[in-house]
Every structure is written in structure tokens, then in C-alpha cells.
>>> print(open('target_39.cif').read())   # mmCIF, C-alpha atoms and all ligand atoms
data_my_file
#
loop_
_atom_site.label_atom_id
_atom_site.label_comp_id
_atom_site.auth_asym_id
_atom_site.auth_seq_id
_atom_site.Cartn_x
_atom_site.Cartn_y
_atom_site.Cartn_z
CA MET A 216 0.00 0.00 0.00
CA ALA A 217 1.19 3.47 -0.81
CA GLY A 218 1.42 5.41 2.42
CA PRO A 219 2.15 9.11 2.55
CA ASP A 220 5.79 8.58 3.42
CA ARG A 221 6.32 6.32 0.45
CA GLU A 222 4.74 8.84 -1.96
CA PHE A 223 6.68 11.84 -0.82
CA PRO A 224 9.47 12.14 -1.36
CA LEU A 225 9.56 9.35 -3.94
CA GLU A 226 13.24 9.66 -3.66
CA ASN A 227 15.17 12.55 -2.46
CA ASP A 228 14.50 15.58 -4.67
CA GLU A 229 18.06 15.98 -5.93
CA ALA A 230 18.17 12.41 -7.14
CA THR A 231 14.83 12.83 -8.96
CA LEU A 232 16.07 15.91 -10.76
CA GLU A 233 19.40 14.37 -11.61
CA ARG A 234 17.73 11.29 -13.05
CA ALA A 235 15.43 13.46 -15.20
CA GLN A 236 18.33 15.53 -16.47
CA GLN A 237 20.28 12.46 -17.47
CA GLN A 238 17.31 11.05 -19.33
CA ILE A 239 16.85 14.34 -21.15
CA LEU A 240 20.47 14.61 -22.17
CA VAL A 241 20.49 11.25 -23.94
CA CYS A 242 17.34 12.02 -25.98
CA GLN A 243 18.17 12.02 -29.68
CA ASP A 244 14.92 13.44 -31.06
CA SER A 245 11.75 15.32 -30.15
CA GLN A 246 9.76 12.14 -29.79
CA ALA A 247 12.05 10.83 -27.04
CA LEU A 248 11.93 14.23 -25.35
CA LYS A 249 8.15 14.16 -25.38
CA ALA A 250 8.21 10.79 -23.63
CA VAL A 251 10.42 12.17 -20.85
CA GLU A 252 8.19 15.21 -20.60
CA ARG A 253 5.16 12.96 -20.12
CA GLU A 254 6.98 10.88 -17.50
CA TYR A 255 7.82 13.91 -15.34
CA LEU A 256 5.39 16.68 -16.23
CA GLY A 257 2.39 14.74 -17.59
CA LYS A 258 -0.99 14.47 -15.87
CA LYS A 259 0.06 11.31 -14.06
CA GLY A 260 3.77 12.13 -14.07
CA VAL A 261 6.26 12.35 -11.22
CA VAL A 262 5.56 16.00 -10.43
CA ALA A 263 1.78 15.50 -10.46
CA ARG A 264 2.15 12.58 -8.06
CA LEU A 265 4.37 14.64 -5.77
CA LEU A 266 1.82 17.44 -5.67
CA ALA A 267 -1.07 15.03 -5.11
CA SER A 268 0.60 13.48 -2.10
CA ILE A 269 1.23 16.77 -0.28
CA PRO A 270 -2.10 16.78 1.62
CA GLN A 271 -1.09 13.52 3.23
CA LEU A 272 2.08 14.99 4.72
CA ALA A 273 2.39 16.42 8.18
CA PRO A 274 1.31 20.11 7.99
CA GLU A 275 4.82 21.43 8.73
CA GLN A 276 6.27 19.41 5.82
CA ARG A 277 3.79 20.64 3.26
CA PRO A 278 5.25 24.07 2.30
CA GLN A 279 8.69 22.65 1.67
CA ALA A 280 7.23 19.72 -0.27
CA GLY A 281 5.22 22.09 -2.52
CA LYS A 282 8.29 24.21 -3.15
CA THR A 283 10.40 21.17 -4.02
CA ALA A 284 7.80 19.81 -6.45
CA ASN A 285 7.60 23.17 -8.27
CA GLN A 286 11.37 23.47 -8.44
CA ILE A 287 11.62 20.04 -10.01
CA LYS A 288 8.85 20.96 -12.46
CA GLN A 289 10.61 24.15 -13.53
CA ALA A 290 14.04 22.61 -13.81
CA VAL A 291 12.79 19.65 -15.87
CA ALA A 292 10.86 21.98 -18.24
CA GLN A 293 13.96 24.14 -18.72
CA ALA A 294 16.18 21.13 -19.38
CA ILE A 295 13.71 19.79 -21.98
CA GLU A 296 13.57 23.15 -23.73
CA ALA A 297 17.35 23.47 -23.81
CA ARG A 298 17.72 19.94 -25.20
CA GLN A 299 15.13 20.67 -27.92
CA ARG A 300 17.07 23.78 -28.94
CA ALA A 301 20.28 21.79 -29.12
CA LEU A 302 18.60 19.11 -31.24
CA ASP A 303 17.19 21.76 -33.63
CA ALA A 304 20.57 23.41 -34.01
CA ALA A 305 22.20 20.06 -34.69
CA THR A 306 19.60 19.23 -37.36
CA LEU A 307 20.16 22.57 -39.07
CA GLU A 308 23.90 22.13 -38.96
CA ALA A 309 23.60 18.65 -40.42
CA GLU A 310 21.42 19.99 -43.25
CA ARG A 311 23.88 22.76 -43.98
CA SER A 312 26.93 20.61 -44.14
CA GLY A 313 25.27 17.43 -45.38
CA ALA A 314 25.11 16.15 -48.96
CA GLY A 315 21.38 16.94 -49.32
CA PHE A 316 21.83 20.70 -49.02
CA ASP A 317 22.90 22.77 -52.04
CA ALA A 318 23.12 26.47 -51.27
CA SER A 319 23.63 27.24 -54.97
CA LEU A 320 20.19 25.92 -56.01
CA PRO A 321 17.86 28.67 -57.28
CA PRO A 322 14.97 29.53 -54.93
CA ALA A 323 11.49 28.18 -55.61
CA ARG A 324 9.84 30.11 -58.48
CA ALA A 325 7.70 32.96 -57.22
CA LEU A 326 4.22 32.98 -58.76
CA ARG A 327 3.69 36.07 -60.91
CA GLY A 328 0.50 37.43 -62.38
CA SER A 329 0.24 38.79 -65.91
CA LEU A 330 -1.91 41.30 -67.75
CA HIS A 331 -5.16 39.98 -69.16
CA PRO A 332 -4.93 39.65 -72.97
CA LEU A 333 -7.74 42.20 -73.30
CA THR A 334 -5.78 44.66 -71.17
CA GLN A 335 -2.67 44.00 -73.25
CA VAL A 336 -4.40 44.71 -76.56
CA THR A 337 -6.24 47.73 -75.12
CA ARG A 338 -2.99 49.28 -73.90
CA GLU A 339 -1.24 48.58 -77.21
CA LEU A 340 -4.01 50.24 -79.19
CA GLU A 341 -4.20 53.18 -76.79
CA ASP A 342 -0.46 53.73 -77.35
CA LEU A 343 -0.90 53.44 -81.11
CA PHE A 344 -3.80 55.90 -81.25
CA GLN A 345 -2.16 58.32 -78.84
CA SER A 346 0.87 58.37 -81.14
CA MET A 347 -1.55 59.52 -83.89
CA GLY A 348 -2.92 62.35 -81.76
CA TYR A 349 -6.02 60.61 -80.38
CA GLN A 350 -7.22 61.15 -76.79
CA VAL A 351 -8.34 58.15 -74.75
CA LEU A 352 -11.77 58.73 -73.18
CA ASP A 353 -14.02 56.77 -70.90
CA GLY A 354 -17.79 56.64 -70.48
CA PRO A 355 -20.35 55.10 -68.12
CA GLU A 356 -21.27 51.42 -68.45
CA VAL A 357 -24.73 52.15 -67.04
CA GLU A 358 -25.85 54.58 -69.70
CA LEU A 359 -28.84 56.78 -70.34
CA ASP A 360 -31.17 55.45 -73.01
CA TYR A 361 -30.73 58.87 -74.62
CA TYR A 362 -26.99 58.46 -75.30
CA ASN A 363 -27.12 54.76 -76.08
CA PHE A 364 -29.90 55.11 -78.65
CA GLU A 365 -31.71 58.36 -79.22
CA ALA A 366 -28.77 60.70 -79.66
CA LEU A 367 -27.29 58.11 -82.02
CA ASN A 368 -30.24 58.44 -84.37
CA ILE A 369 -31.67 55.10 -83.30
CA PRO A 370 -35.42 55.65 -83.33
CA ALA A 371 -37.71 54.11 -80.72
CA ASP A 372 -38.88 51.32 -83.04
CA HIS A 373 -35.40 50.27 -84.17
CA PRO A 374 -34.65 46.55 -83.63
CA ALA A 375 -31.51 47.46 -81.61
CA ARG A 376 -33.85 48.73 -78.91
CA ASP A 377 -35.59 45.42 -78.67
CA SER A 378 -35.52 44.20 -75.06
CA GLN A 379 -33.87 41.01 -76.31
CA ASP A 380 -30.66 42.90 -77.01
CA THR A 381 -30.62 45.38 -74.17
CA PHE A 382 -30.32 44.98 -70.41
CA TYR A 383 -32.61 47.65 -68.99
CA CYS A 384 -31.80 48.90 -65.51
CA ASP A 385 -35.14 50.44 -64.53
CA GLU A 386 -38.86 49.98 -65.20
CA GLN A 387 -39.12 53.16 -67.25
CA GLY A 388 -36.21 52.18 -69.48
CA HIS A 389 -34.23 55.39 -68.87
CA PHE A 390 -31.08 53.50 -67.90
CA VAL A 391 -29.47 50.67 -69.86
CA MET A 392 -26.27 48.67 -69.68
CA ARG A 393 -24.61 50.23 -72.72
CA THR A 394 -24.85 47.93 -75.72
CA HIS A 395 -21.86 49.55 -77.47
CA THR A 396 -19.22 52.22 -76.87
CA SER A 397 -20.85 54.59 -79.40
CA PRO A 398 -22.73 56.65 -76.74
CA VAL A 399 -19.37 58.20 -75.81
CA GLN A 400 -19.33 59.80 -79.28
CA VAL A 401 -22.10 62.22 -78.29
CA ARG A 402 -20.78 62.67 -74.75
CA ALA A 403 -17.41 63.67 -76.29
CA MET A 404 -19.05 66.08 -78.76
CA GLU A 405 -20.79 67.81 -75.85
CA ARG A 406 -17.52 68.25 -73.94
CA LEU A 407 -14.78 68.82 -76.50
CA THR A 408 -14.16 71.60 -78.96
CA PRO A 409 -13.45 70.32 -82.50
CA PRO A 410 -11.28 69.33 -84.22
CA TYR A 411 -10.44 66.20 -82.17
CA ARG A 412 -9.74 62.50 -82.36
CA ILE A 413 -10.77 60.11 -79.61
CA VAL A 414 -10.78 56.39 -78.82
CA VAL A 415 -12.92 54.81 -76.12
CA PRO A 416 -12.10 51.28 -74.98
CA GLY A 417 -14.67 49.64 -72.72
CA LYS A 418 -17.12 46.96 -71.76
CA CYS A 419 -20.46 46.48 -73.51
CA PHE A 420 -23.44 44.31 -72.61
CA ARG A 421 -26.07 42.59 -74.68
CA GLN A 422 -28.83 40.29 -73.65
CA GLU A 423 -28.13 37.56 -76.12
CA THR A 424 -27.64 33.83 -76.17
CA THR A 425 -23.95 33.20 -75.83
CA ASP A 426 -21.95 31.02 -78.20
CA ALA A 427 -18.30 30.66 -79.21
CA SER A 428 -18.20 34.15 -80.74
CA HIS A 429 -20.91 36.01 -78.77
CA ASP A 430 -20.81 36.87 -75.10
CA HIS A 431 -23.24 38.95 -73.02
CA THR A 432 -20.29 41.05 -71.87
CA PHE A 433 -17.58 41.96 -74.34
CA HIS A 434 -15.13 44.76 -75.15
CA GLN A 435 -15.14 47.31 -77.93
CA MET A 436 -12.99 50.28 -78.84
CA GLU A 437 -14.85 53.22 -80.30
CA GLY A 438 -13.04 55.69 -82.51
CA LEU A 439 -14.25 59.16 -83.48
CA VAL A 440 -12.60 61.90 -85.50
CA VAL A 441 -14.31 65.26 -85.95
CA GLY A 442 -12.94 68.02 -88.14
CA VAL A 443 -13.50 69.96 -91.33
CA ASP A 444 -14.13 68.05 -94.56
CA ILE A 445 -13.52 64.61 -93.07
CA SER A 446 -14.06 62.00 -95.77
CA VAL A 447 -14.01 58.25 -96.37
CA ALA A 448 -10.39 58.68 -97.52
CA HIS A 449 -9.45 59.79 -93.97
CA LEU A 450 -11.33 56.81 -92.58
CA ILE A 451 -9.48 54.37 -94.86
CA GLY A 452 -6.11 55.95 -94.00
CA ALA A 453 -6.77 55.61 -90.27
CA MET A 454 -7.96 52.02 -90.61
CA LYS A 455 -4.83 51.04 -92.57
CA THR A 456 -2.65 52.50 -89.83
CA LEU A 457 -4.69 50.64 -87.25
CA LEU A 458 -4.20 47.34 -89.11
CA ARG A 459 -0.47 47.95 -89.45
CA GLY A 460 -0.33 48.53 -85.69
CA ILE A 461 -2.23 45.35 -84.93
CA PHE A 462 -0.73 42.92 -87.44
CA LYS A 463 2.68 44.63 -87.91
CA ARG A 464 2.32 44.74 -91.70
CA ASP A 465 0.19 46.26 -94.45
CA LEU A 466 -2.99 44.35 -95.21
CA GLU A 467 -5.32 44.88 -98.12
CA ILE A 468 -8.76 46.12 -96.99
CA ARG A 469 -12.22 46.33 -98.50
CA LEU A 470 -15.38 48.17 -97.51
CA ARG A 471 -18.82 46.62 -97.80
CA PRO A 472 -21.99 48.58 -97.19
CA GLY A 473 -23.18 48.31 -93.57
CA PHE A 474 -26.21 49.85 -91.92
CA PHE A 475 -25.92 51.69 -88.64
CA PRO A 476 -28.33 54.57 -87.99
CA PHE A 477 -25.52 56.76 -86.62
CA VAL A 478 -23.31 56.72 -89.74
CA GLU A 479 -23.97 57.64 -93.36
CA PRO A 480 -22.53 56.04 -95.38
CA GLY A 481 -21.87 53.03 -93.14
CA PHE A 482 -19.44 50.20 -93.88
CA GLU A 483 -18.21 46.84 -92.74
CA LEU A 484 -14.44 46.83 -93.08
CA ASP A 485 -12.76 43.55 -94.01
CA ALA A 486 -9.02 42.89 -94.08
CA ARG A 487 -7.09 40.25 -95.98
CA CYS A 488 -6.58 37.29 -93.68
CA PRO A 489 -3.20 37.79 -91.97
CA PHE A 490 -2.82 34.04 -91.39
CA CYS A 491 -3.09 32.57 -94.88
CA GLN A 492 -3.03 33.21 -98.61
CA ALA A 493 -5.46 30.61 -99.87
CA GLY A 494 -8.05 30.34 -97.11
CA CYS A 495 -7.95 28.90 -93.58
CA SER A 496 -10.24 28.19 -90.65
CA VAL A 497 -9.83 31.74 -89.25
CA CYS A 498 -11.15 33.40 -92.45
CA LYS A 499 -13.56 30.52 -93.10
CA ARG A 500 -11.75 29.87 -96.42
CA THR A 501 -12.67 33.32 -97.80
CA THR A 502 -9.21 34.99 -97.31
CA TRP A 503 -11.06 37.98 -95.76
CA ILE A 504 -11.74 38.64 -92.12
CA GLU A 505 -14.54 40.89 -90.93
CA LEU A 506 -12.79 43.47 -88.80
CA LEU A 507 -14.98 46.38 -87.84
CA PRO A 508 -18.01 48.49 -88.69
CA CYS A 509 -17.39 52.14 -89.47
CA GLY A 510 -18.67 55.13 -91.41
CA LEU A 511 -19.06 58.88 -91.62
CA VAL A 512 -20.87 60.39 -88.64
CA HIS A 513 -24.56 61.00 -89.42
CA PRO A 514 -25.57 64.70 -89.41
CA ASN A 515 -28.25 63.97 -86.78
CA VAL A 516 -25.57 62.67 -84.40
CA LEU A 517 -23.45 65.78 -84.95
CA ARG A 518 -26.52 67.87 -84.16
CA ALA A 519 -27.25 65.86 -81.01
CA GLY A 520 -23.68 66.61 -79.94
CA GLY A 521 -24.23 70.34 -80.51
CA LEU A 522 -22.23 70.54 -83.76
CA ASP A 523 -23.29 72.15 -87.04
CA PRO A 524 -23.11 69.45 -89.79
CA GLU A 525 -22.52 72.21 -92.36
CA GLN A 526 -19.32 73.11 -90.57
CA TRP A 527 -18.13 69.83 -89.06
CA SER A 528 -17.90 66.26 -90.27
CA GLY A 529 -16.37 63.09 -88.92
CA PHE A 530 -15.81 59.37 -89.11
CA ALA A 531 -16.35 56.71 -86.47
CA PHE A 532 -15.57 53.04 -86.02
CA GLY A 533 -16.37 50.33 -83.48
CA LEU A 534 -13.64 47.73 -83.12
CA GLY A 535 -14.61 44.50 -81.37
CA LEU A 536 -11.66 44.09 -78.97
CA SER A 537 -12.76 40.67 -77.70
CA ARG A 538 -12.88 39.26 -81.22
CA LEU A 539 -9.52 40.84 -81.99
CA VAL A 540 -7.92 39.13 -78.98
CA MET A 541 -9.41 35.81 -80.18
CA LEU A 542 -7.97 36.37 -83.64
CA ARG A 543 -4.56 37.28 -82.33
CA HIS A 544 -4.19 34.31 -79.98
CA GLY A 545 -6.22 31.72 -81.88
CA ILE A 546 -8.80 31.47 -79.04
CA ASP A 547 -11.71 29.30 -80.14
CA ASP A 548 -14.34 30.47 -77.65
CA ILE A 549 -14.96 34.07 -76.55
CA ARG A 550 -16.34 32.85 -73.20
CA HIS A 551 -12.83 31.92 -72.04
CA LEU A 552 -11.95 35.63 -71.89
CA LEU A 553 -14.08 36.58 -68.90
CA ALA A 554 -14.44 33.18 -67.22
CA GLY A 555 -11.63 33.94 -64.76
CA ASP A 556 -10.02 30.52 -65.16
CA VAL A 557 -6.37 30.85 -64.10
CA ARG A 558 -5.34 27.91 -66.33
CA PHE A 559 -6.47 29.95 -69.34
CA LEU A 560 -5.04 33.27 -68.13
CA GLU A 561 -1.63 31.81 -67.26
CA GLN A 562 -0.94 31.40 -70.96
CA PHE A 563 -0.60 35.13 -71.61
C1 LIG B 601 -21.74 48.40 -83.04
O1 LIG B 601 -21.77 48.10 -81.87
C2 LIG B 601 -21.53 49.83 -83.49
N1 LIG B 601 -21.65 50.70 -82.34
C3 LIG B 601 -20.19 49.94 -84.14
C4 LIG B 601 -19.98 51.21 -84.91
C5 LIG B 601 -19.32 52.26 -84.32
C6 LIG B 601 -20.45 51.33 -86.23
C7 LIG B 601 -19.11 53.46 -85.02
C8 LIG B 601 -20.24 52.48 -86.93
C9 LIG B 601 -19.59 53.52 -86.32
P1 LIG B 601 -21.86 45.95 -83.88
O2 LIG B 601 -23.10 45.58 -83.18
O3 LIG B 601 -21.65 45.33 -85.22
O4 LIG B 601 -21.73 47.49 -84.02
O5 LIG B 601 -20.63 45.58 -82.95
C10 LIG B 601 -19.32 45.98 -83.27
C11 LIG B 601 -18.35 44.85 -82.96
O6 LIG B 601 -18.51 44.44 -81.62
C12 LIG B 601 -18.60 43.60 -83.80
O7 LIG B 601 -17.94 43.67 -85.02
C13 LIG B 601 -18.02 42.53 -82.90
O8 LIG B 601 -16.64 42.46 -83.08
C14 LIG B 601 -18.30 43.07 -81.53
N2 LIG B 601 -19.48 42.42 -80.93
C15 LIG B 601 -20.79 42.71 -81.10
N3 LIG B 601 -21.58 41.89 -80.38
C16 LIG B 601 -20.75 41.06 -79.71
C17 LIG B 601 -20.94 39.98 -78.77
N4 LIG B 601 -22.14 39.63 -78.36
N5 LIG B 601 -19.85 39.36 -78.31
C18 LIG B 601 -18.62 39.74 -78.71
N6 LIG B 601 -18.36 40.73 -79.56
C19 LIG B 601 -19.42 41.39 -80.06
#
>>> encode(input="target_39.cif", output="C-alpha cells")
Amino acid sequence: MAGPDREFPLENDEATLERAQQQILVCQDSQALKAVEREYLGKKGVVARLLASIPQLAPEQRPQAGKTANQIKQAVAQAIEARQRALDAATLEAERSGAGFDASLPPARALRGSLHPLTQVTRELEDLFQSMGYQVLDGPEVELDYYNFEALNIPADHPARDSQDTFYCDEQGHFVMRTHTSPVQVRAMERLTPPYRIVVPGKCFRQETTDASHDHTFHQMEGLVVGVDISVAHLIGAMKTLLRGIFKRDLEIRLRPGFFPFVEPGFELDARCPFCQAGCSVCKRTTWIELLPCGLVHPNVLRAGGLDPEQWSGFAFGLGLSRLVMLRHGIDDIRHLLAGDVRFLEQF
């Protein structure tokens, strides 16, 4: 039977401490140290047993017994900590001097982001147009119906106003998600004094069924030049420079008639396919690629912008930036562009 005198002291306190310290010193790893820690400092360890047996001692022995138990506890904890530090240092030293450590190896590759391909092409074109004297302007994505349609000579019954194409933002239909960047044409006319040249890159929104070449959210870059006696010749000159900037060489172009209420005459501009001579999948075997709609600014639009069509004229174009990025990188589905999939974006 364990009587009080047998429990405390288990042995004399110095011997207990000495034994613990010896055990600690021969530990070769953290696991062994943990075992010693449990033996002395654990819930049922030596120190806990010492403390538990104090109440059974004669009252005058108790203070000294408590003090001794706490001293052992502290000393053992310190010895364990010191041994752990020594083991850690030894491990580090072994790694440094051992065969497995090569200080000349390059560090692990840091992950770096990159610019979205749409941002890249937007910045390139902004630089190109700025070098030709154009200003880069911005406009609201939530637009007034007036600027998106009415001021652009798009009458109320025009199919472009059909609710299928437009995201309306309020019951009355005063606010829309802009369906193109053209509303900034009139906003610019109201603010600037001609002559001027502007480009407006930005997001557009259309309520349409998406497929590989149509998204509900896509990017365009609007261009507008206003001056005296601006003609189709100016438009063609600017478009050729634009193509040279994009494809880094001269490409033959052609204009087909195109209808947009805000230009007269209006055109669809095609360029010779930059990827083939005899037809390929990009140009659908026609050797022409449809590049952008454009035309001379309609007099009604000039008027809406506060300009006298007798005095001022202009040309405008609406480049589909999303489609251009697809063309440039051979992307087969426009929906990849805004899907936010890092595996896709990492490629640029
Ligand atoms: C327009 O949006 C006119 N505002 C362009 C314009 C400006 C004409 C100035 C004349 C003068 P359109 O709807 O064709 O036109 O769109 C222009 C370009 O935007 C298209 O050629 C195409 O590249 C791109 N685009 C149109 N709809 C989508 C869509 N759903 N997804 C991706 N790109 C689109």
C-alpha cells in the first residue's frame, strides 16, 4: 500500500532531478523528449504525483514539499527546452553541411500574375492611337437610353432597342447597360471643342444567347474623328494605320456597305486574312476577315452633340476588342476571356 511517506518524497529531490536531467540529455529526437516530458510533467507524471501526495504529509512538511515539487517541475521543463534547442541546431547544422543541401540551387519560383490579354491589346491600341494624336476617353457602363440610342439616331422602333438585345436597368427604361461604346461619341461632342480624335475602350453588354463568338459582356474600342471636310479617304487611311499597328504589316482592306443609324454612309471593313493566302479556318476559307463596322458620322448625331453638320464632319468606327484578342491568340471560344479561369489566363 502506498502510504504518505512512500509517496513523498519518492526519492530525495536531488536524485529525482538528476535522473530526469540524465534522461533528457540522452534524448536524440523530439519524440524521445516528449516521452520524458510525459513521464515527469504529464498528468500522471512524477511532479503530479508529488503534488497530489502533499495533503497527506504532516502540515509542517507541506510548504517545503510544494516548493520542491515546483522546483523540479521548472528545472525539468527548462532542461527539456534546452535539449530541444540543441537538437534543432544540430539538425540545421547537419542539413547545412550534409550532402542533401545545395546552397547554390535557385529559390522556388515565385508565382507572378500577368496582364489579361484584353488589357494587353487595349494598352497597345491606346499607345498606337495616342501616337496619332487621339485622346483616350471613358464613359459610363450604365448609360442613359438617350446616349445609347436616341442621340445616335436610333429611333424608338429600331430593332436594336428590342428588349432582347438590351439589359434595362429600370422599369421606365431610362437607364441601360450600354450595348456599345458609341454613346461616348455624343458625350465627347458635348464636352470637347473640335477638331479632335478620340478612342474609347470599354465593356459592352447585350442580352443575347452566348456562343463561341458572342458573349453577353464583351469589349469594344470606339473611334471618333471630328474636323473639317472629313471624308471616307481619312477613314481608310486611319484604318490602314490601325491594321499595321495590330498585325505589324500592311494588309489589303475592302469596304462593304453596312447599316448603322448613326453613320452615313456606313461600312463593314474587311481585311485580308493575316494568317493565310489561300483560305484557312480563321477566315472561313474566304481569305477575308470581318474586322470592324465604321462610317461617316450621321448629321443627326453631330446635331445631337451640338455641332453644325454644315461646318463639321467626322468618321467613327467600333472595333470589337474581344474578337480581336481571339484572332490574335487563336482562341476558339470568346467565353474563355471573362471566365476567370487561371489555367487559361496563365498562358498570356
Ligand atoms: C456596333 O456596336 C456599333 N456601335 C459599331 C460602330 C461604331 C459602327 C461606329 C459604326 C460607327 P456591332 O453591333 O456590329 O456594331 O458591334 C461591333 C463589334 O462588336 C462587332 O464587329 C463585334 O466584333 C463586336 N461584338 C458585337 N456583339 C458582340 C458579342 N455579343 N460578343 C462579342 N463581340 C461582339
>>> atom_distance(input="target_39.cif", atom1="CA of Arg487 (chain A)", atom2="CA of Thr337 (chain A)")
22.2 Å
>>> atom_distance(input="target_39.cif", atom1="atom C14 of ligand LIG 601 (chain B)", atom2="CA of Val401 (chain A)")
19.8 Å
>>> residues_near_ligand(input="target_39.cif", ligand="ligand LIG 601 (chain B)", cutoff="8 Å", atoms="all atoms listed in the file", output="PyMOL selection string")
chain A and resi 394-397+420-421+423+425+428-435+437-439+475+477-478+481-482+505-512+530-539+549
>>> atom_distance(input="target_39.cif", atom1="CA of Val441 (chain A)", atom2="CA of Pro409 (chain A)")
6.2 Å
>>> closest_residue(input="target_39.cif", among="A:Val414, A:Ile239, A:Leu466, A:Ala267", to="Leu352 (chain A)", atoms="all atoms listed in the file")
A:Val414
>>> residues_around(input="target_39.cif", residues="Glu254 (chain A)", least_positions_apart="5", cutoff="12 Å", atoms="only C-alpha atoms", output="PDB file with C-alpha atoms, keeping the file's coordinate frame")
ATOM      1  CA  THR A 231      14.830  12.830  -8.960  1.00  0.00           C
ATOM      2  CA  ARG A 234      17.730  11.290 -13.050  1.00  0.00           C
ATOM      3  CA  ALA A 235      15.430  13.460 -15.200  1.00  0.00           C
ATOM      4  CA  GLN A 238      17.310  11.050 -19.330  1.00  0.00           C
ATOM      5  CA  ILE A 239      16.850  14.340 -21.150  1.00  0.00           C
ATOM      6  CA  ALA A 247      12.050  10.830 -27.040  1.00  0.00           C
ATOM      7  CA  LEU A 248      11.930  14.230 -25.350  1.00  0.00           C
ATOM      8  CA  LYS A 249       8.150  14.160 -25.380  1.00  0.00           C
ATOM      9  CA  LYS A 259       0.060  11.310 -14.060  1.00  0.00           C
ATOM     10  CA  GLY A 260       3.770  12.130 -14.070  1.00  0.00           C
ATOM     11  CA  VAL A 261       6.260  12.350 -11.220  1.00  0.00           C
ATOM     12  CA  VAL A 262       5.560  16.000 -10.430  1.00  0.00           C
ATOM     13  CA  ALA A 263       1.780  15.500 -10.460  1.00  0.00           C
ATOM     14  CA  ARG A 264       2.150  12.580  -8.060  1.00  0.00           C
ATOM     15  CA  LYS A 288       8.850  20.960 -12.460  1.00  0.00           C
ATOM     16  CA  VAL A 291      12.790  19.650 -15.870  1.00  0.00           C
ATOM     17  CA  ALA A 292      10.860  21.980 -18.240  1.00  0.00           C
TER      18      ALA A 292
END
>>> closest_residue(input="target_39.cif", among="A:Gln422, A:His544, A:Leu320, A:Ala403", to="Asp377 (chain A)", atoms="all atoms listed in the file")
A:Gln422
>>> residues_around(input="target_39.cif", residues="region 363-367 of chain A", least_positions_apart="4", cutoff="6 Å", atoms="only C-alpha atoms", output="compact mmCIF listing (two decimals) with C-alpha atoms, keeping the file's coordinate frame")
# COMPACT_ATOMS: atom_id res chain seq x y z
CA PRO A 398 -22.73 56.65 -76.74
CA PHE A 477 -25.52 56.76 -86.62
CA VAL A 516 -25.57 62.67 -84.40
CA ALA A 519 -27.25 65.86 -81.01
>>> residues_near_point(input="target_39.cif", point="(-3.8, 42.2, -97.1)", cutoff="7 Å", atoms="only C-alpha atoms", output="list in words")
Asp465, Leu466, Glu467, Ile468, Ala486, Arg487, Cys488 and Pro489 of chain A
>>> write_last_selection(input="target_39.cif", atoms="C-alpha atoms", output="PDB file, in the frame of the given file")
ATOM      1  CA  ASP A 465       0.190  46.260 -94.450  1.00  0.00           C
ATOM      2  CA  LEU A 466      -2.990  44.350 -95.210  1.00  0.00           C
ATOM      3  CA  GLU A 467      -5.320  44.880 -98.120  1.00  0.00           C
ATOM      4  CA  ILE A 468      -8.760  46.120 -96.990  1.00  0.00           C
ATOM      5  CA  ALA A 486      -9.020  42.890 -94.080  1.00  0.00           C
ATOM      6  CA  ARG A 487      -7.090  40.250 -95.980  1.00  0.00           C
ATOM      7  CA  CYS A 488      -6.580  37.290 -93.680  1.00  0.00           C
ATOM      8  CA  PRO A 489      -3.200  37.790 -91.970  1.00  0.00           C
TER       9      PRO A 489
END
>>> closest_residue(input="target_39.cif", among="A:Lys258, A:Lys455, A:Arg402, A:Arg393", to="Asp485 (chain A)", atoms="all atoms listed in the file")
A:Lys455
>>> closest_residue(input="target_39.cif", among="A:Leu560, A:Ala273, A:Leu265, A:Val440", to="Tyr349 (chain A)", atoms="all atoms listed in the file")
A:Val440
